[in-house]
file work13.tsv (TSV, C-alpha atoms)
chain	number	residue	atom	x	y	z
I	1	MET	CA	-2.27	-48.94	52.01
I	2	ARG	CA	1.18	-48.05	53.30
I	3	ARG	CA	1.27	-48.24	57.09
I	4	ALA	CA	3.25	-45.96	59.37
I	5	THR	CA	5.82	-47.64	61.56
I	6	VAL	CA	7.34	-46.44	64.79
I	7	THR	CA	11.01	-47.16	65.36
I	8	ARG	CA	11.51	-49.40	68.38
I	9	PRO	CA	14.25	-48.80	70.98
I	10	LEU	CA	17.68	-49.97	69.84
I	11	THR	CA	19.05	-53.34	70.76
I	12	ALA	CA	22.32	-53.34	72.69
I	13	ALA	CA	24.17	-54.34	69.52
I	14	VAL	CA	22.78	-51.45	67.50
I	15	ALA	CA	23.25	-49.01	70.38
I	16	GLY	CA	26.93	-49.91	70.44
I	17	VAL	CA	27.14	-49.06	66.75
I	18	ILE	CA	26.29	-45.41	67.48
I	19	LEU	CA	29.67	-44.71	69.07
I	20	GLY	CA	31.78	-46.45	66.45
I	21	LEU	CA	29.81	-46.46	63.21
I	22	GLY	CA	31.02	-43.14	61.86
I	23	ALA	CA	34.65	-44.21	61.81
I	24	VAL	CA	34.42	-47.96	61.34
I	25	ALA	CA	31.80	-48.02	58.57
I	26	CYS	CA	33.73	-45.43	56.60
I	27	GLY	CA	37.08	-47.21	56.94
I	28	GLY	CA	38.61	-44.78	59.43
I	29	SER	CA	40.17	-45.37	62.81
I	30	THR	CA	38.07	-46.22	65.82
I	31	PRO	CA	36.85	-43.25	67.85
I	32	PRO	CA	38.82	-42.06	70.88
I	33	PRO	CA	38.27	-44.24	73.96
I	34	MET	CA	35.57	-42.98	76.32
I	35	ALA	CA	36.36	-45.22	79.31
I	36	ASP	CA	37.47	-42.26	81.41
I	37	VAL	CA	34.34	-40.25	80.68
I	38	PRO	CA	31.63	-40.70	83.33
I	39	ALA	CA	28.21	-41.82	82.21
I	40	ALA	CA	25.45	-39.22	82.38
I	41	THR	CA	24.13	-38.96	85.92
I	42	ALA	CA	20.60	-38.22	86.98
I	43	ASP	CA	21.79	-34.80	88.16
I	44	SER	CA	23.43	-33.93	84.84
I	45	VAL	CA	20.36	-34.94	82.83
I	46	SER	CA	18.06	-33.10	85.23
I	47	GLN	CA	20.20	-29.95	85.09
I	48	ALA	CA	20.12	-29.99	81.30
I	49	GLY	CA	16.35	-30.29	81.33
I	50	SER	CA	15.95	-27.51	83.91
I	51	MET	CA	17.76	-25.07	81.60
I	52	SER	CA	15.48	-25.81	78.66
I	53	MET	CA	14.30	-22.23	78.23
I	54	ASP	CA	17.63	-20.52	78.95
I	55	MET	CA	18.28	-18.62	75.73
I	56	GLY	CA	21.87	-18.00	76.81
I	57	GLY	CA	22.72	-21.70	76.81
I	58	GLY	CA	22.74	-22.34	80.56
I	59	SER	CA	25.28	-21.79	83.33
I	60	THR	CA	28.82	-20.65	82.55
I	61	GLN	CA	30.36	-21.61	85.93
I	62	MET	CA	31.95	-24.89	84.78
I	63	SER	CA	35.56	-25.27	83.71
I	64	VAL	CA	36.38	-26.30	80.14
I	65	ASP	CA	37.11	-29.87	81.25
I	66	GLN	CA	33.89	-30.07	83.27
I	67	MET	CA	31.85	-28.80	80.34
I	68	ASP	CA	33.49	-31.21	77.90
I	69	SER	CA	32.97	-34.10	80.31
I	70	ALA	CA	29.29	-33.28	80.85
I	71	MET	CA	28.60	-32.95	77.14
I	72	THR	CA	30.41	-36.19	76.29
I	73	ALA	CA	28.67	-38.07	79.09
I	74	GLN	CA	25.29	-36.90	77.80
I	75	MET	CA	26.10	-38.24	74.34
I	76	LYS	CA	27.53	-41.49	75.72
I	77	SER	CA	24.29	-42.21	77.59
I	78	TYR	CA	22.22	-42.09	74.38
I	79	PRO	CA	19.74	-43.69	73.94
I	80	VAL	CA	18.38	-43.79	77.49
I	81	LYS	CA	15.61	-46.33	78.02
I	82	THR	CA	12.27	-45.02	79.27
I	83	ALA	CA	8.82	-46.46	79.81
I	84	GLY	CA	6.13	-45.86	77.22
I	85	LEU	CA	6.10	-45.65	73.43
I	86	GLY	CA	3.61	-43.33	71.77
I	87	GLY	CA	2.02	-43.27	68.34
I	88	GLN	CA	1.36	-47.00	68.03
I	89	PRO	CA	-1.25	-48.05	65.43
I	90	LEU	CA	-4.78	-48.42	66.79
I	91	ALA	CA	-6.65	-51.32	65.21
I	92	PRO	CA	-10.30	-50.54	64.47
I	93	LYS	CA	-13.33	-52.57	65.36
I	94	VAL	CA	-14.89	-53.30	61.97
I	95	LEU	CA	-18.68	-53.30	62.21
I	96	ALA	CA	-21.10	-55.34	60.09
I	97	ASP	CA	-21.64	-52.45	57.66
I	98	GLY	CA	-17.88	-51.92	57.22
I	99	THR	CA	-17.65	-48.94	59.55
I	100	LYS	CA	-14.26	-48.65	61.26
I	101	GLU	CA	-14.72	-47.82	64.93
I	102	PHE	CA	-11.88	-46.47	67.06
I	103	ASP	CA	-12.28	-46.34	70.84
I	104	VAL	CA	-10.20	-43.70	72.59
I	105	THR	CA	-10.10	-42.55	76.21
I	106	ALA	CA	-8.86	-39.15	77.36
I	107	GLN	CA	-7.24	-39.55	80.75
I	108	VAL	CA	-4.66	-38.15	83.16
I	109	THR	CA	-1.73	-40.53	83.49
I	110	SER	CA	2.01	-40.69	84.13
I	111	TRP	CA	4.36	-40.29	81.17
I	112	GLN	CA	8.14	-40.68	81.28
I	113	VAL	CA	9.83	-38.00	79.19
I	114	ASP	CA	13.44	-38.87	80.02
I	115	ALA	CA	15.42	-40.80	82.62
I	116	THR	CA	14.68	-38.32	85.41
I	117	LYS	CA	11.43	-36.71	84.29
I	118	THR	CA	8.05	-38.38	84.73
I	119	VAL	CA	5.03	-36.10	84.47
I	120	GLN	CA	1.29	-36.19	84.89
I	121	ALA	CA	0.03	-35.66	81.34
I	122	TRP	CA	-3.41	-35.59	79.70
I	123	LEU	CA	-3.24	-38.35	77.11
I	124	TYR	CA	-5.28	-40.42	74.67
I	125	ASN	CA	-5.12	-44.09	75.69
I	126	GLY	CA	-2.23	-43.34	78.02
I	127	THR	CA	0.49	-42.45	75.49
I	128	TYR	CA	2.05	-39.43	73.78
I	129	PRO	CA	1.44	-39.05	70.98
I	130	GLY	CA	-1.87	-40.87	71.20
I	131	PRO	CA	-2.50	-43.97	69.10
I	132	THR	CA	-2.10	-43.53	65.35
I	133	ILE	CA	-5.29	-43.90	63.32
I	134	HIS	CA	-4.87	-44.92	59.68
I	135	VAL	CA	-7.82	-45.29	57.31
I	136	ASN	CA	-8.52	-45.08	53.58
I	137	VAL	CA	-10.44	-42.57	51.51
I	138	GLY	CA	-14.09	-43.63	51.57
I	139	ASP	CA	-13.92	-45.52	54.86
I	140	HIS	CA	-16.78	-44.68	57.19
I	141	VAL	CA	-15.10	-43.77	60.48
I	142	ARG	CA	-16.62	-43.82	63.95
I	143	PHE	CA	-14.42	-42.21	66.61
I	144	VAL	CA	-15.72	-42.93	70.11
I	145	ILE	CA	-14.18	-40.78	72.85
I	146	THR	CA	-14.65	-41.40	76.57
I	147	ASN	CA	-13.76	-38.51	78.88
I	148	ARG	CA	-11.90	-39.51	82.06
I	149	LEU	CA	-10.49	-36.02	82.58
I	150	PRO	CA	-11.38	-33.65	85.44
I	151	GLU	CA	-12.91	-31.19	82.93
I	152	SER	CA	-14.91	-31.19	79.71
I	153	THR	CA	-13.25	-31.94	76.38
I	154	ALA	CA	-13.91	-32.32	72.63
I	155	VAL	CA	-11.99	-33.67	69.62
I	156	HIS	CA	-11.09	-31.80	66.42
I	157	PHE	CA	-9.86	-33.65	63.32
I	158	HIS	CA	-7.19	-31.22	62.18
I	159	GLY	CA	-6.55	-31.35	58.43
I	160	VAL	CA	-8.78	-34.38	57.80
I	161	ARG	CA	-10.88	-33.61	54.72
I	162	GLY	CA	-14.45	-34.86	54.55
I	163	VAL	CA	-15.35	-34.12	58.17
I	164	PRO	CA	-18.77	-32.38	58.19
I	165	ASN	CA	-19.27	-29.18	60.16
I	166	SER	CA	-21.38	-31.01	62.75
I	167	MET	CA	-18.33	-33.17	63.57
I	168	ASP	CA	-15.80	-30.29	63.73
I	169	GLY	CA	-15.38	-30.67	67.48
I	170	VAL	CA	-15.66	-27.09	68.75
I	171	PRO	CA	-17.78	-26.79	71.93
I	172	GLY	CA	-20.32	-23.99	71.80
I	173	VAL	CA	-20.16	-23.92	68.00
I	174	THR	CA	-20.79	-27.42	66.64
I	175	GLN	CA	-21.46	-29.44	69.80
I	176	ALA	CA	-21.86	-29.35	73.55
I	177	PRO	CA	-18.75	-30.04	75.64
I	178	ILE	CA	-18.11	-33.68	76.51
I	179	LYS	CA	-18.33	-33.64	80.29
I	180	PRO	CA	-16.27	-35.84	82.63
I	181	GLY	CA	-17.58	-39.40	82.53
I	182	GLU	CA	-19.40	-38.95	79.21
I	183	THR	CA	-18.81	-40.74	75.91
I	184	TYR	CA	-19.27	-39.02	72.55
I	185	THR	CA	-19.21	-40.40	69.01
I	186	TYR	CA	-17.88	-38.62	65.91
I	187	GLU	CA	-18.71	-40.06	62.48
I	188	PHE	CA	-17.43	-39.05	59.06
I	189	THR	CA	-16.07	-40.36	55.76
I	190	PRO	CA	-12.66	-39.00	54.65
I	191	THR	CA	-12.70	-37.73	51.08
I	192	ALA	CA	-8.98	-37.21	50.34
I	193	ILE	CA	-5.60	-38.62	51.27
I	194	GLY	CA	-3.56	-36.64	53.73
I	195	VAL	CA	-1.70	-36.53	57.01
I	196	GLY	CA	-3.72	-34.92	59.79
I	197	MET	CA	-4.11	-34.90	63.54
I	198	TYR	CA	-6.80	-35.38	66.13
I	199	HIS	CA	-6.56	-33.18	69.21
I	200	SER	CA	-8.60	-31.56	71.93
I	201	HIS	CA	-10.42	-28.34	71.06
I	202	ASP	CA	-11.77	-27.56	74.53
I	203	ASP	CA	-9.53	-25.55	76.87
I	204	THR	CA	-7.15	-26.16	74.00
I	205	LEU	CA	-4.11	-24.29	75.28
I	206	LYS	CA	-4.01	-26.57	78.31
I	207	GLN	CA	-5.36	-29.82	76.89
I	208	LEU	CA	-3.34	-29.89	73.66
I	209	THR	CA	-0.07	-28.88	75.31
I	210	ASP	CA	-0.73	-31.34	78.14
I	211	GLY	CA	-0.73	-34.13	75.54
I	212	LEU	CA	-4.15	-34.66	73.96
I	213	MET	CA	-2.97	-35.24	70.38
I	214	GLY	CA	-2.60	-38.14	67.96
I	215	VAL	CA	-1.87	-38.79	64.28
I	216	PHE	CA	-4.79	-39.30	61.88
I	217	GLN	CA	-3.65	-40.46	58.45
I	218	VAL	CA	-5.84	-41.07	55.42
I	219	GLY	CA	-4.34	-43.26	52.70
I	220	ALA	CA	-0.75	-42.62	51.66
I	221	GLU	CA	0.93	-39.62	50.07
I	222	PRO	CA	1.98	-40.31	46.45
I	223	LEU	CA	5.69	-41.03	46.08
I	224	PRO	CA	8.11	-40.10	43.28
I	225	ALA	CA	8.50	-42.77	40.60
I	226	GLY	CA	10.71	-45.68	41.59
I	227	VAL	CA	10.70	-44.94	45.32
I	228	LYS	CA	10.06	-47.83	47.71
I	229	VAL	CA	9.83	-46.72	51.34
I	230	SER	CA	11.64	-48.87	53.93
I	231	GLN	CA	10.00	-47.20	56.93
I	232	GLU	CA	7.49	-44.45	57.66
I	233	LEU	CA	7.79	-42.44	60.86
I	234	PRO	CA	5.82	-39.79	62.73
I	235	PHE	CA	7.84	-36.93	64.24
I	236	VAL	CA	5.59	-35.11	66.70
I	237	LEU	CA	7.17	-31.87	67.88
I	238	GLU	CA	6.23	-30.63	71.37
I	239	ASP	CA	7.63	-27.73	73.35
I	240	SER	CA	5.13	-26.79	76.07
I	241	GLY	CA	3.11	-28.20	78.94
I	242	PRO	CA	4.47	-30.88	81.27
I	243	ILE	CA	6.21	-32.83	78.48
I	244	GLY	CA	8.19	-29.87	77.12
I	245	MET	CA	10.84	-29.95	74.40
I	246	SER	CA	10.57	-33.37	72.81
I	247	PHE	CA	10.27	-35.60	69.76
I	248	ASN	CA	7.39	-38.08	70.03
I	249	GLY	CA	7.05	-37.33	73.73
I	250	LYS	CA	10.68	-38.06	74.62
I	251	SER	CA	13.53	-35.68	75.41
I	252	PHE	CA	17.15	-36.42	74.44
I	253	PRO	CA	18.91	-38.63	75.44
I	254	ALA	CA	15.67	-40.64	75.69
I	255	THR	CA	14.65	-40.06	72.06
I	256	THR	CA	14.74	-43.08	69.76
I	257	PRO	CA	17.36	-43.19	66.97
I	258	VAL	CA	16.14	-43.99	63.47
I	259	VAL	CA	18.16	-46.90	62.09
I	260	ALA	CA	18.48	-47.30	58.32
I	261	HIS	CA	20.82	-48.51	55.59
I	262	VAL	CA	22.60	-46.67	52.79
I	263	GLY	CA	20.17	-46.36	49.88
I	264	ASP	CA	16.99	-46.66	51.96
I	265	TYR	CA	14.07	-44.30	51.50
I	266	ILE	CA	12.64	-43.12	54.83
I	267	LEU	CA	9.31	-41.28	54.89
I	268	VAL	CA	8.91	-38.84	57.78
I	269	ASN	CA	5.75	-36.98	58.74
I	270	TYR	CA	6.46	-33.91	60.89
I	271	PHE	CA	3.64	-32.65	63.12
I	272	ASN	CA	3.99	-29.51	65.23
I	273	ALA	CA	1.71	-29.97	68.24
I	274	GLY	CA	3.49	-27.24	70.21
I	275	GLN	CA	3.32	-23.47	70.52
I	276	MET	CA	6.61	-22.51	68.84
I	277	ILE	CA	8.19	-22.67	65.40
I	278	HIS	CA	10.77	-25.45	64.99
I	279	PRO	CA	13.33	-25.52	62.13
I	280	ILE	CA	14.22	-29.22	62.02
I	281	HIS	CA	17.71	-29.87	60.64
I	282	LEU	CA	19.14	-33.26	59.66
I	283	HIS	CA	22.91	-33.49	59.33
I	284	GLY	CA	24.04	-35.36	56.23
I	285	PRO	CA	21.27	-36.35	53.80
I	286	GLY	CA	18.79	-33.78	52.60
I	287	GLN	CA	15.02	-33.88	53.07
I	288	LEU	CA	12.79	-33.95	50.00
I	289	VAL	CA	9.48	-32.27	50.86
I	290	ILE	CA	6.72	-34.11	48.99
I	291	ALA	CA	3.63	-32.82	50.84
I	292	LYS	CA	2.59	-29.89	53.04
I	293	ASP	CA	-0.38	-30.20	55.42
I	294	GLY	CA	-1.42	-33.36	53.62
I	295	TYR	CA	-1.45	-31.74	50.17
I	296	PRO	CA	1.04	-33.31	47.70
I	297	LEU	CA	3.49	-30.86	46.14
I	298	THR	CA	3.53	-30.68	42.35
I	299	ASN	CA	7.23	-29.84	42.52
I	300	PRO	CA	8.90	-31.48	45.55
I	301	GLU	CA	11.66	-29.38	47.13
I	302	MET	CA	14.97	-30.53	48.63
I	303	GLU	CA	15.78	-28.87	51.97
I	304	ASP	CA	18.21	-29.49	54.80
I	305	THR	CA	16.12	-27.59	57.35
I	306	ILE	CA	12.31	-27.81	57.50
I	307	THR	CA	10.62	-25.01	59.45
I	308	VAL	CA	7.43	-26.37	61.00
I	309	ALA	CA	4.98	-23.88	62.54
I	310	PRO	CA	2.32	-24.84	65.11
I	311	GLY	CA	-0.38	-26.96	63.50
I	312	GLU	CA	1.64	-27.63	60.34
I	313	ARG	CA	2.55	-31.00	58.88
I	314	TYR	CA	5.33	-31.76	56.42
I	315	THR	CA	5.95	-35.06	54.66
I	316	VAL	CA	9.57	-35.63	53.61
I	317	LEU	CA	11.67	-38.36	52.01
I	318	ILE	CA	15.18	-39.03	53.28
I	319	HIS	CA	17.59	-41.05	51.11
I	320	PRO	CA	20.93	-41.52	52.94
I	321	ASP	CA	23.98	-42.18	50.77
I	322	GLN	CA	26.65	-42.31	53.51
I	323	ALA	CA	26.98	-44.45	56.62
I	324	GLY	CA	27.34	-42.68	59.93
I	325	VAL	CA	25.53	-41.21	62.89
I	326	TRP	CA	23.74	-38.08	61.66
I	327	VAL	CA	22.42	-35.72	64.32
I	328	TRP	CA	18.80	-34.58	63.86
I	329	HIS	CA	17.62	-31.59	65.86
I	330	CYS	CA	15.67	-28.37	66.15
I	331	HIS	CA	17.91	-25.50	65.05
I	332	ILE	CA	16.56	-23.07	67.61
I	333	LEU	CA	19.47	-24.11	69.77
I	334	SER	CA	17.85	-23.39	73.14
I	335	HIS	CA	15.43	-26.19	72.20
I	336	ALA	CA	18.28	-28.67	71.74
I	337	GLU	CA	21.38	-27.86	73.79
I	338	THR	CA	22.78	-26.31	76.96
I	339	ASP	CA	26.32	-26.19	78.30
I	340	GLN	CA	25.52	-29.57	79.90
I	341	GLY	CA	25.11	-31.08	76.44
I	342	MET	CA	22.26	-31.87	74.09
I	343	TYR	CA	18.73	-32.31	75.42
I	344	GLY	CA	15.14	-31.94	74.26
I	345	MET	CA	14.57	-31.87	70.51
I	346	VAL	CA	17.48	-34.05	69.39
I	347	THR	CA	17.73	-37.54	67.96
I	348	ALA	CA	19.91	-39.28	65.36
I	349	LEU	CA	19.72	-41.07	62.03
I	350	VAL	CA	22.01	-44.11	62.26
I	351	VAL	CA	22.92	-45.24	58.74
I	352	GLN	CA	24.61	-48.63	58.37
call {"tool": "encode", "arguments": {"input": "work13.tsv", "output": "structure tokens"}}
result
Amino acid sequence: MRRATVTRPLTAAVAGVILGLGAVACGGSTPPPMADVPAATADSVSQAGSMSMDMGGGSTQMSVDQMDSAMTAQMKSYPVKTAGLGGQPLAPKVLADGTKEFDVTAQVTSWQVDATKTVQAWLYNGTYPGPTIHVNVGDHVRFVITNRLPESTAVHFHGVRGVPNSMDGVPGVTQAPIKPGETYTYEFTPTAIGVGMYHSHDDTLKQLTDGLMGVFQVGAEPLPAGVKVSQELPFVLEDSGPIGMSFNGKSFPATTPVVAHVGDYILVNYFNAGQMIHPIHLHGPGQLVIAKDGYPLTNPEMEDTITVAPGERYTVLIHPDQAGVWVWHCHILSHAETDQGMYGMVTALVVQ
């Protein structure tokens, strides 16, 4: 079974590569010196975040030099270190009969979105996204949820095939709400491979956008012949609630670059846990769509921009053939940039 991996924060050595890789790796001159450009300040990052929904791109009161300086400083600060890393694999407790049991707690806790933004979010096991659950077709799964929230909750297994109606997780339809302090157990046996999610389905507009979401993957999507994946990554898209515009719970410049080598195959699973459509564009290499909502495509399609609607999942292969720092962002530009520089739904593919 192929396991998803989550890219760790860059080492100082790799972080330094971001500024110079594009020119040096390709045999060009070194980039212009940035010694006279101030590093991003808390105020500049905060201002960029505060203009996240400004469809006009933010304030226009700065001079050209001030704007250029702010934008360059924002890029120079990337990647900013923050506390917390979401989407880590959750190891099951394997019972005597082979059942895989996953223990999850829904709780209100602090989550750092970027260098200046720490929020009170509603999270599974204290992270966003919640822990990744990975099982095989035919595994008997027991999902045990403990509610430490100030209101009732429930869990829906979005896109996971084989879940019986009694385990669908909709209060008032298939179960009673899970009240604060209660523990509830879901049991089912997945019947097909696919990339799905688990998320709250009680007061869903608040609880899902506040952070109650995690990846639930069954098996592994079939790959084209001859492809060997070097890393598999979740890309959880969020735009609402306290976390706001983000990839995997982090807002640029606190997003984590994906580091790869020329010729690698990178498997990315996009999940839209937000309330808006997000066309995700990767500069440089294309994206080969091999599955939609966990269903393999008979004829994979090459795209440079993948439009992901709320609740959708796309599985794509990326095969870089040129070294460089390739920007990766939502192409609804108010989700990714202001006149202070890039923010929100932006990261980079660093190809060595």
call {"tool": "closest_atom_pairs", "arguments": {"input": "work13.tsv", "of": "segment 211-276 of chain I", "to": "segment 304-325 of chain I", "cutoff": "9 Å", "atoms": "only C-alpha atoms", "output": "Markdown table"}}
result
| residue | atom | partner | partner_atom | distance |
| --- | --- | --- | --- | --- |
| I:Glu221 | CA | I:Thr315 | CA | 8.2 |
| I:Leu223 | CA | I:Leu317 | CA | 8.8 |
| I:Val229 | CA | I:Leu317 | CA | 8.6 |
| I:Leu237 | CA | I:Val308 | CA | 8.8 |
| I:Ala260 | CA | I:Pro320 | CA | 8.3 |
| I:His261 | CA | I:Ala323 | CA | 7.4 |
| I:Val262 | CA | I:Asp321 | CA | 5.1 |
| I:Gly263 | CA | I:Asp321 | CA | 5.7 |
| I:Asp264 | CA | I:His319 | CA | 5.7 |
| I:Tyr265 | CA | I:His319 | CA | 4.8 |
| I:Ile266 | CA | I:Ile318 | CA | 5.1 |
| I:Leu267 | CA | I:Leu317 | CA | 4.7 |
| I:Val268 | CA | I:Val316 | CA | 5.3 |
| I:Asn269 | CA | I:Thr315 | CA | 4.5 |
| I:Tyr270 | CA | I:Tyr314 | CA | 5.1 |
| I:Phe271 | CA | I:Arg313 | CA | 4.7 |
| I:Asn272 | CA | I:Pro310 | CA | 5.0 |
| I:Ala273 | CA | I:Gly311 | CA | 6.0 |
| I:Gly274 | CA | I:Pro310 | CA | 5.8 |
| I:Gln275 | CA | I:Pro310 | CA | 5.7 |
| I:Met276 | CA | I:Pro310 | CA | 6.1 |
call {"tool": "write_last_selection", "arguments": {"input": "work13.tsv", "atoms": "C-alpha atoms", "output": "compact mmCIF listing (two decimals), in the coordinates of the input"}}
result
# COMPACT_ATOMS: atom_id res chain seq x y z
CA GLU I 221 0.93 -39.62 50.07
CA LEU I 223 5.69 -41.03 46.08
CA VAL I 229 9.83 -46.72 51.34
CA LEU I 237 7.17 -31.87 67.88
CA ALA I 260 18.48 -47.30 58.32
CA HIS I 261 20.82 -48.51 55.59
CA VAL I 262 22.60 -46.67 52.79
CA GLY I 263 20.17 -46.36 49.88
CA ASP I 264 16.99 -46.66 51.96
CA TYR I 265 14.07 -44.30 51.50
CA ILE I 266 12.64 -43.12 54.83
CA LEU I 267 9.31 -41.28 54.89
CA VAL I 268 8.91 -38.84 57.78
CA ASN I 269 5.75 -36.98 58.74
CA TYR I 270 6.46 -33.91 60.89
CA PHE I 271 3.64 -32.65 63.12
CA ASN I 272 3.99 -29.51 65.23
CA ALA I 273 1.71 -29.97 68.24
CA GLY I 274 3.49 -27.24 70.21
CA GLN I 275 3.32 -23.47 70.52
CA MET I 276 6.61 -22.51 68.84
call {"tool": "closest_residue", "arguments": {"input": "work13.tsv", "among": "I:Pro177, I:Gly226, I:Gly241, I:Pro171", "to": "Leu205 of chain I", "atoms": "all atoms listed in the file"}}
result
I:Gly241
call {"tool": "closest_residue", "arguments": {"input": "work13.tsv", "among": "I:Asp168, I:Lys250, I:Asp68, I:Val258", "to": "Gln231 of chain I", "atoms": "all atoms listed in the file"}}
result
I:Val258
call {"tool": "closest_residue", "arguments": {"input": "work13.tsv", "among": "I:Asn165, I:Asn136, I:Ser152, I:Ser240", "to": "Gly194 of chain I", "atoms": "all atoms listed in the file"}}
result
I:Asn136
call {"tool": "closest_residue", "arguments": {"input": "work13.tsv", "among": "I:Phe252, I:Tyr343, I:Phe247, I:Tyr128", "to": "Val215 of chain I", "atoms": "only C-alpha atoms"}}
result
I:Tyr128
call {"tool": "closest_residue", "arguments": {"input": "work13.tsv", "among": "I:Leu349, I:Val160, I:Ile277, I:Met302", "to": "Cys330 of chain I", "atoms": "all atoms listed in the file"}}
result
I:Ile277
